[in-house]
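Q: Please find structure.txt (compact mmCIF, N, CA and C atoms) on the next line:
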# COMPACT_ATOMS: atom_id res chain seq x y z
N MET E 486 13.47 -17.69 58.22
CA MET E 486 14.77 -17.66 58.83
C MET E 486 15.75 -18.28 57.82
N LEU E 487 16.82 -17.57 57.58
CA LEU E 487 17.82 -18.06 56.63
C LEU E 487 18.94 -18.76 57.37
N ILE E 488 19.34 -19.91 56.84
CA ILE E 488 20.43 -20.72 57.40
C ILE E 488 21.62 -20.61 56.47
N GLY E 489 22.79 -20.29 57.01
CA GLY E 489 24.02 -20.25 56.22
C GLY E 489 24.48 -21.68 55.93
N VAL E 490 24.52 -22.04 54.65
CA VAL E 490 24.81 -23.42 54.28
C VAL E 490 26.08 -23.58 53.44
N THR E 491 26.71 -22.48 53.06
CA THR E 491 27.99 -22.56 52.33
C THR E 491 29.00 -21.66 53.02
N ASN E 492 30.26 -22.08 53.03
CA ASN E 492 31.34 -21.33 53.67
C ASN E 492 32.12 -20.58 52.60
N PRO E 493 31.93 -19.27 52.49
CA PRO E 493 32.60 -18.51 51.43
C PRO E 493 34.09 -18.31 51.66
N THR E 494 34.60 -18.64 52.84
CA THR E 494 36.04 -18.44 53.09
C THR E 494 36.86 -19.69 52.77
N SER E 495 36.21 -20.75 52.36
CA SER E 495 36.90 -21.99 52.03
C SER E 495 36.65 -22.36 50.57
N PRO E 496 37.69 -22.83 49.86
CA PRO E 496 37.47 -23.24 48.47
C PRO E 496 36.76 -24.60 48.35
N LYS E 497 36.58 -25.32 49.47
CA LYS E 497 35.89 -26.62 49.42
C LYS E 497 34.45 -26.39 48.98
N LEU E 498 34.06 -27.11 47.93
CA LEU E 498 32.69 -26.98 47.43
C LEU E 498 31.75 -27.87 48.24
N GLU E 499 30.69 -27.27 48.73
CA GLU E 499 29.65 -28.04 49.36
C GLU E 499 28.83 -28.72 48.26
N THR E 500 28.34 -29.90 48.54
CA THR E 500 27.48 -30.56 47.56
C THR E 500 26.04 -30.16 47.81
N ALA E 501 25.20 -30.33 46.81
CA ALA E 501 23.77 -30.06 46.97
C ALA E 501 23.20 -30.94 48.08
N GLU E 502 23.70 -32.15 48.19
CA GLU E 502 23.21 -33.08 49.22
C GLU E 502 23.59 -32.60 50.62
N GLU E 503 24.78 -32.02 50.78
CA GLU E 503 25.18 -31.47 52.08
C GLU E 503 24.28 -30.29 52.45
N VAL E 504 24.00 -29.44 51.48
CA VAL E 504 23.12 -28.30 51.71
C VAL E 504 21.74 -28.80 52.11
N ARG E 505 21.23 -29.78 51.37
CA ARG E 505 19.91 -30.37 51.70
C ARG E 505 19.90 -30.88 53.13
N ASP E 506 20.95 -31.61 53.50
CA ASP E 506 21.01 -32.20 54.84
C ASP E 506 21.00 -31.13 55.93
N HIS E 507 21.72 -30.03 55.72
CA HIS E 507 21.71 -28.92 56.69
C HIS E 507 20.29 -28.39 56.86
N LEU E 508 19.60 -28.19 55.75
CA LEU E 508 18.25 -27.61 55.80
C LEU E 508 17.24 -28.58 56.41
N VAL E 509 17.35 -29.85 56.07
CA VAL E 509 16.44 -30.85 56.64
C VAL E 509 16.65 -30.94 58.15
N ARG E 510 17.93 -30.88 58.59
CA ARG E 510 18.22 -30.88 60.02
C ARG E 510 17.62 -29.63 60.69
N ALA E 511 17.79 -28.48 60.05
CA ALA E 511 17.26 -27.24 60.61
C ALA E 511 15.73 -27.28 60.72
N ALA E 512 15.09 -28.01 59.81
CA ALA E 512 13.63 -28.10 59.80
C ALA E 512 13.10 -28.85 61.02
N ARG E 513 13.97 -29.51 61.75
CA ARG E 513 13.55 -30.14 63.01
C ARG E 513 13.24 -29.07 64.06
N PHE E 514 13.81 -27.87 63.89
CA PHE E 514 13.67 -26.81 64.88
C PHE E 514 12.94 -25.58 64.35
N ILE E 515 12.92 -25.42 63.03
CA ILE E 515 12.30 -24.26 62.39
C ILE E 515 11.25 -24.78 61.42
N PRO E 516 10.02 -24.27 61.47
CA PRO E 516 9.02 -24.73 60.50
C PRO E 516 9.52 -24.54 59.06
N ALA E 517 9.34 -25.56 58.23
CA ALA E 517 9.87 -25.53 56.86
C ALA E 517 9.38 -24.32 56.08
N GLU E 518 8.17 -23.86 56.32
CA GLU E 518 7.66 -22.72 55.56
C GLU E 518 8.36 -21.41 55.95
N LEU E 519 9.11 -21.41 57.04
CA LEU E 519 9.87 -20.23 57.46
C LEU E 519 11.36 -20.36 57.17
N LEU E 520 11.76 -21.47 56.59
CA LEU E 520 13.17 -21.81 56.42
C LEU E 520 13.66 -21.46 55.02
N GLY E 521 14.85 -20.91 54.95
CA GLY E 521 15.49 -20.61 53.67
C GLY E 521 16.99 -20.77 53.80
N SER E 522 17.69 -20.67 52.68
CA SER E 522 19.14 -20.85 52.70
C SER E 522 19.84 -19.59 52.23
N THR E 523 21.05 -19.43 52.70
CA THR E 523 21.91 -18.34 52.27
C THR E 523 23.35 -18.80 52.43
N ASP E 524 24.28 -17.96 52.00
CA ASP E 524 25.68 -18.25 52.21
C ASP E 524 26.02 -17.83 53.63
N ASP E 525 27.00 -18.50 54.23
CA ASP E 525 27.40 -18.20 55.59
C ASP E 525 28.27 -16.95 55.56
N CYS E 526 27.64 -15.81 55.54
CA CYS E 526 28.23 -14.48 55.39
C CYS E 526 28.31 -14.16 53.90
N GLY E 527 29.26 -13.36 53.47
CA GLY E 527 29.30 -12.94 52.08
C GLY E 527 30.52 -13.47 51.35
N PHE E 528 30.58 -13.20 50.07
CA PHE E 528 31.70 -13.65 49.26
C PHE E 528 32.72 -12.54 49.07
N SER E 529 32.91 -11.67 50.07
CA SER E 529 33.85 -10.56 49.91
C SER E 529 35.26 -11.01 49.57
N PRO E 530 35.74 -12.19 49.98
CA PRO E 530 37.08 -12.59 49.56
C PRO E 530 37.20 -12.76 48.05
N TYR E 531 36.07 -12.76 47.35
CA TYR E 531 36.09 -13.00 45.91
C TYR E 531 36.04 -11.70 45.11
N LEU E 532 36.04 -10.55 45.79
CA LEU E 532 36.05 -9.29 45.06
C LEU E 532 37.33 -9.18 44.23
N ILE E 533 37.22 -8.61 43.08
CA ILE E 533 38.34 -8.51 42.15
C ILE E 533 39.51 -7.71 42.74
N ASP E 534 39.22 -6.74 43.62
CA ASP E 534 40.29 -5.91 44.17
C ASP E 534 40.87 -6.47 45.46
N GLU E 535 40.40 -7.60 45.91
CA GLU E 535 40.93 -8.22 47.11
C GLU E 535 41.43 -9.62 46.76
N LYS E 536 42.70 -9.90 46.99
CA LYS E 536 43.29 -11.20 46.65
C LYS E 536 42.71 -12.28 47.56
N PRO E 537 42.11 -13.30 46.99
CA PRO E 537 41.63 -14.40 47.82
C PRO E 537 42.82 -15.15 48.43
N ARG E 538 42.56 -15.82 49.53
CA ARG E 538 43.63 -16.58 50.18
C ARG E 538 43.95 -17.87 49.46
N HIS E 539 43.19 -18.19 48.45
CA HIS E 539 43.40 -19.43 47.71
C HIS E 539 43.12 -19.18 46.23
N GLY E 540 44.14 -19.30 45.43
CA GLY E 540 43.94 -19.21 43.98
C GLY E 540 43.78 -17.80 43.45
N SER E 541 43.57 -17.72 42.16
CA SER E 541 43.43 -16.45 41.46
C SER E 541 42.01 -15.91 41.61
N PRO E 542 41.79 -14.63 41.27
CA PRO E 542 40.42 -14.11 41.30
C PRO E 542 39.47 -14.89 40.39
N ASP E 543 39.97 -15.37 39.23
CA ASP E 543 39.10 -16.16 38.35
C ASP E 543 38.71 -17.47 39.00
N PHE E 544 39.67 -18.14 39.67
CA PHE E 544 39.37 -19.39 40.37
C PHE E 544 38.38 -19.11 41.49
N ALA E 545 38.62 -18.05 42.25
CA ALA E 545 37.73 -17.71 43.36
C ALA E 545 36.31 -17.43 42.87
N ARG E 546 36.19 -16.74 41.76
CA ARG E 546 34.86 -16.43 41.19
C ARG E 546 34.17 -17.73 40.78
N HIS E 547 34.93 -18.64 40.17
CA HIS E 547 34.38 -19.95 39.77
C HIS E 547 33.88 -20.71 41.00
N VAL E 548 34.67 -20.70 42.07
CA VAL E 548 34.27 -21.37 43.30
C VAL E 548 33.00 -20.75 43.86
N ALA E 549 32.93 -19.41 43.87
CA ALA E 549 31.75 -18.73 44.41
C ALA E 549 30.50 -19.13 43.63
N PHE E 550 30.58 -19.13 42.31
CA PHE E 550 29.40 -19.50 41.51
C PHE E 550 29.03 -20.97 41.71
N ALA E 551 30.02 -21.85 41.86
CA ALA E 551 29.73 -23.27 42.10
C ALA E 551 29.06 -23.45 43.46
N LYS E 552 29.49 -22.70 44.47
CA LYS E 552 28.88 -22.78 45.78
C LYS E 552 27.42 -22.29 45.73
N ILE E 553 27.19 -21.22 45.00
CA ILE E 553 25.82 -20.70 44.86
C ILE E 553 24.94 -21.72 44.15
N ALA E 554 25.46 -22.35 43.11
CA ALA E 554 24.69 -23.38 42.38
C ALA E 554 24.35 -24.55 43.31
N ALA E 555 25.30 -24.97 44.14
CA ALA E 555 25.05 -26.07 45.08
C ALA E 555 24.00 -25.66 46.10
N ARG E 556 24.04 -24.40 46.55
CA ARG E 556 23.05 -23.92 47.51
C ARG E 556 21.65 -23.92 46.90
N VAL E 557 21.54 -23.46 45.67
CA VAL E 557 20.23 -23.41 45.02
C VAL E 557 19.69 -24.83 44.82
N ARG E 558 20.53 -25.73 44.31
CA ARG E 558 20.08 -27.11 44.07
C ARG E 558 19.78 -27.82 45.39
N GLY E 559 20.62 -27.62 46.40
CA GLY E 559 20.40 -28.25 47.70
C GLY E 559 19.12 -27.76 48.35
N THR E 560 18.81 -26.48 48.18
CA THR E 560 17.56 -25.93 48.71
C THR E 560 16.37 -26.56 48.00
N GLN E 561 16.50 -26.77 46.70
CA GLN E 561 15.44 -27.47 45.95
C GLN E 561 15.24 -28.88 46.47
N LEU E 562 16.35 -29.59 46.68
CA LEU E 562 16.26 -30.97 47.19
C LEU E 562 15.61 -31.00 48.57
N ALA E 563 15.97 -30.05 49.44
CA ALA E 563 15.37 -29.99 50.77
C ALA E 563 13.87 -29.70 50.67
N ALA E 564 13.50 -28.77 49.79
CA ALA E 564 12.08 -28.45 49.62
C ALA E 564 11.31 -29.68 49.17
N GLU E 565 11.88 -30.45 48.25
CA GLU E 565 11.23 -31.67 47.78
C GLU E 565 11.09 -32.68 48.90
N GLU E 566 12.16 -32.85 49.67
CA GLU E 566 12.11 -33.82 50.77
C GLU E 566 11.13 -33.40 51.86
N LEU E 567 11.17 -32.14 52.22
CA LEU E 567 10.31 -31.65 53.30
C LEU E 567 8.84 -31.57 52.89
N SER E 568 8.58 -31.43 51.60
CA SER E 568 7.18 -31.36 51.15
C SER E 568 6.65 -32.72 50.73
N GLY E 569 7.53 -33.73 50.73
CA GLY E 569 7.10 -35.07 50.35
C GLY E 569 7.03 -35.28 48.86
N VAL E 570 7.55 -34.34 48.07
CA VAL E 570 7.55 -34.48 46.61
C VAL E 570 8.76 -35.32 46.22
N ALA E 571 8.56 -36.27 45.34
CA ALA E 571 9.65 -37.12 44.88
C ALA E 571 10.65 -36.32 44.07
N VAL E 572 11.92 -36.64 44.23
CA VAL E 572 12.96 -35.98 43.44
C VAL E 572 12.71 -36.26 41.98
N GLY E 573 12.76 -35.23 41.16
CA GLY E 573 12.48 -35.37 39.74
C GLY E 573 11.08 -34.93 39.38
N ALA E 574 10.17 -34.95 40.36
CA ALA E 574 8.82 -34.44 40.13
C ALA E 574 8.88 -32.91 40.19
N PRO E 575 7.84 -32.23 39.74
CA PRO E 575 7.85 -30.77 39.86
C PRO E 575 8.13 -30.39 41.31
N SER E 576 9.11 -29.54 41.52
CA SER E 576 9.55 -29.25 42.88
C SER E 576 8.64 -28.24 43.57
N ALA E 577 8.79 -28.22 44.90
CA ALA E 577 8.07 -27.22 45.68
C ALA E 577 8.61 -25.85 45.29
N PRO E 578 7.74 -24.87 45.24
CA PRO E 578 8.21 -23.54 44.81
C PRO E 578 9.20 -22.96 45.82
N LEU E 579 10.17 -22.23 45.31
CA LEU E 579 11.14 -21.53 46.14
C LEU E 579 10.96 -20.05 45.90
N VAL E 580 10.96 -19.30 46.96
CA VAL E 580 10.86 -17.85 46.84
C VAL E 580 12.08 -17.25 47.52
N ASN E 581 12.97 -16.64 46.72
CA ASN E 581 14.19 -16.04 47.25
C ASN E 581 14.97 -17.01 48.13
N GLY E 582 15.13 -18.26 47.68
CA GLY E 582 15.89 -19.24 48.42
C GLY E 582 15.13 -19.85 49.58
N ALA E 583 13.87 -19.50 49.77
CA ALA E 583 13.09 -20.02 50.89
C ALA E 583 12.29 -21.24 50.43
N ILE E 584 12.14 -22.15 51.35
CA ILE E 584 11.35 -23.35 51.09
C ILE E 584 9.89 -23.00 51.34
N ARG E 585 9.06 -23.17 50.34
CA ARG E 585 7.63 -22.84 50.50
C ARG E 585 6.79 -24.03 50.14
Could you spell out this file's structure in structure tokens?
A:
Amino acid sequence: MLIGVTNPTSPKLETAEEVRDHLVRAARFIPAELLGSTDDCGFSPYLIDEKPRHGSPDFARHVAFAKIAARVRGTQLAAEELSGVAVGAPSAPLVNGAIR
């Protein structure tokens, strides 16, 4: 089950720690081996032919990539926490954004 952990309609960058916290909270209700992360809908406001509501297309693209990076790192942190692996140790494997 994928959990939307980043808001693509807002320029506010989520931190990796915020993403981790969302996933760790979700793991109280969903088994960790079935849990994964995704963006909360799509990044369509960042298409080059559609003006974003905030900033230029280049700024919007930068924000989108930063949000994706935070989601990937936050998912790694959640996988480490949920598997009991210490941060900095070899992390739990991720498959397509899923915690395994």
Q: How many Å lie between atom N of Phe544 in chain E and atom N of Pro496 in chain E, rounded to one decimal?
A: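 If I compute the distance from atom N of Phe544 in chain E to atom N of Pro496 in chain E, I get 11.4 Å.
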Q: Measure the distance from CA of Lys552 in chain E to CA of Ala517 in chain E in Å and round it to one decimal.
A: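 Result for CA of Lys552 in chain E versus CA of Ala517 in chain E: 22.2 Å, one decimal.
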Q: Let me make sure I understand: among E:Val504, E:Leu520, E:Met486, E:Leu498, which one has the smallest atom-to-atom distance to Arg558 in chain E if we use only C-alpha atoms?
A: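 Going through E:Val504, E:Leu520, E:Met486, E:Leu498 one by one, the smallest distance to Arg558 in chain E is for E:Val504.
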Q: Here is a test: counting all atoms listed in the file, which residue of E:Asp543, E:Ala501, E:Cys526, E:Arg513 is nearest to Val557 in chain E?
A: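 Comparing E:Asp543, E:Ala501, E:Cys526, E:Arg513 against Val557 in chain E, the winner is E:Ala501.
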Q: Do you have the atom C of Gln561 in chain E-CA of Ser495 in chain E distance handy?
A: 23.4 Å
Q: So, counting only N, CA and C atoms, which residue among E:Thr494, E:Glu499, E:His547, E:Arg505 is closest to Leu562 in chain E?
A: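 Under the stated criterion, the closest residue is E:Arg505.
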Q: I'd like the box whose edges run along x, y and z of the file and which contains every listed atom of range 558-567 of chain E, padded by 6 Å per side; could you state its centre and edge lengths in Å, one decimal, as lines of an AutoDock Vina configuration file?
A:
center_x = 14.7
center_y = -29.8
center_z = 48.7
size_x = 23.8
size_y = 20.1
size_z = 21.2
Q: In file coordinates, which residues lie within 9 Å of (8.1, -28.2, 54.2) using only C-alpha atoms, given as JSON, numbers by chain?
A: {"E": [512, 516, 517, 518, 519, 520, 563, 564, 565, 566, 567, 568, 569, 577, 584, 585]}
Q: Name the closest residue to Ile553 in chain E among the candidates E:Thr491, E:Glu503, E:Ile515, E:Leu508; distances are taken between atoms, counting only C-alpha atoms.
A: E:Thr491
Q: When you count only N, CA and C atoms, which of these residues is closest to His507 in chain E: E:Arg546, E:Pro493, E:Asp524, E:Ile488?
A: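 For His507 in chain E, the nearest of the given residues is E:Ile488.
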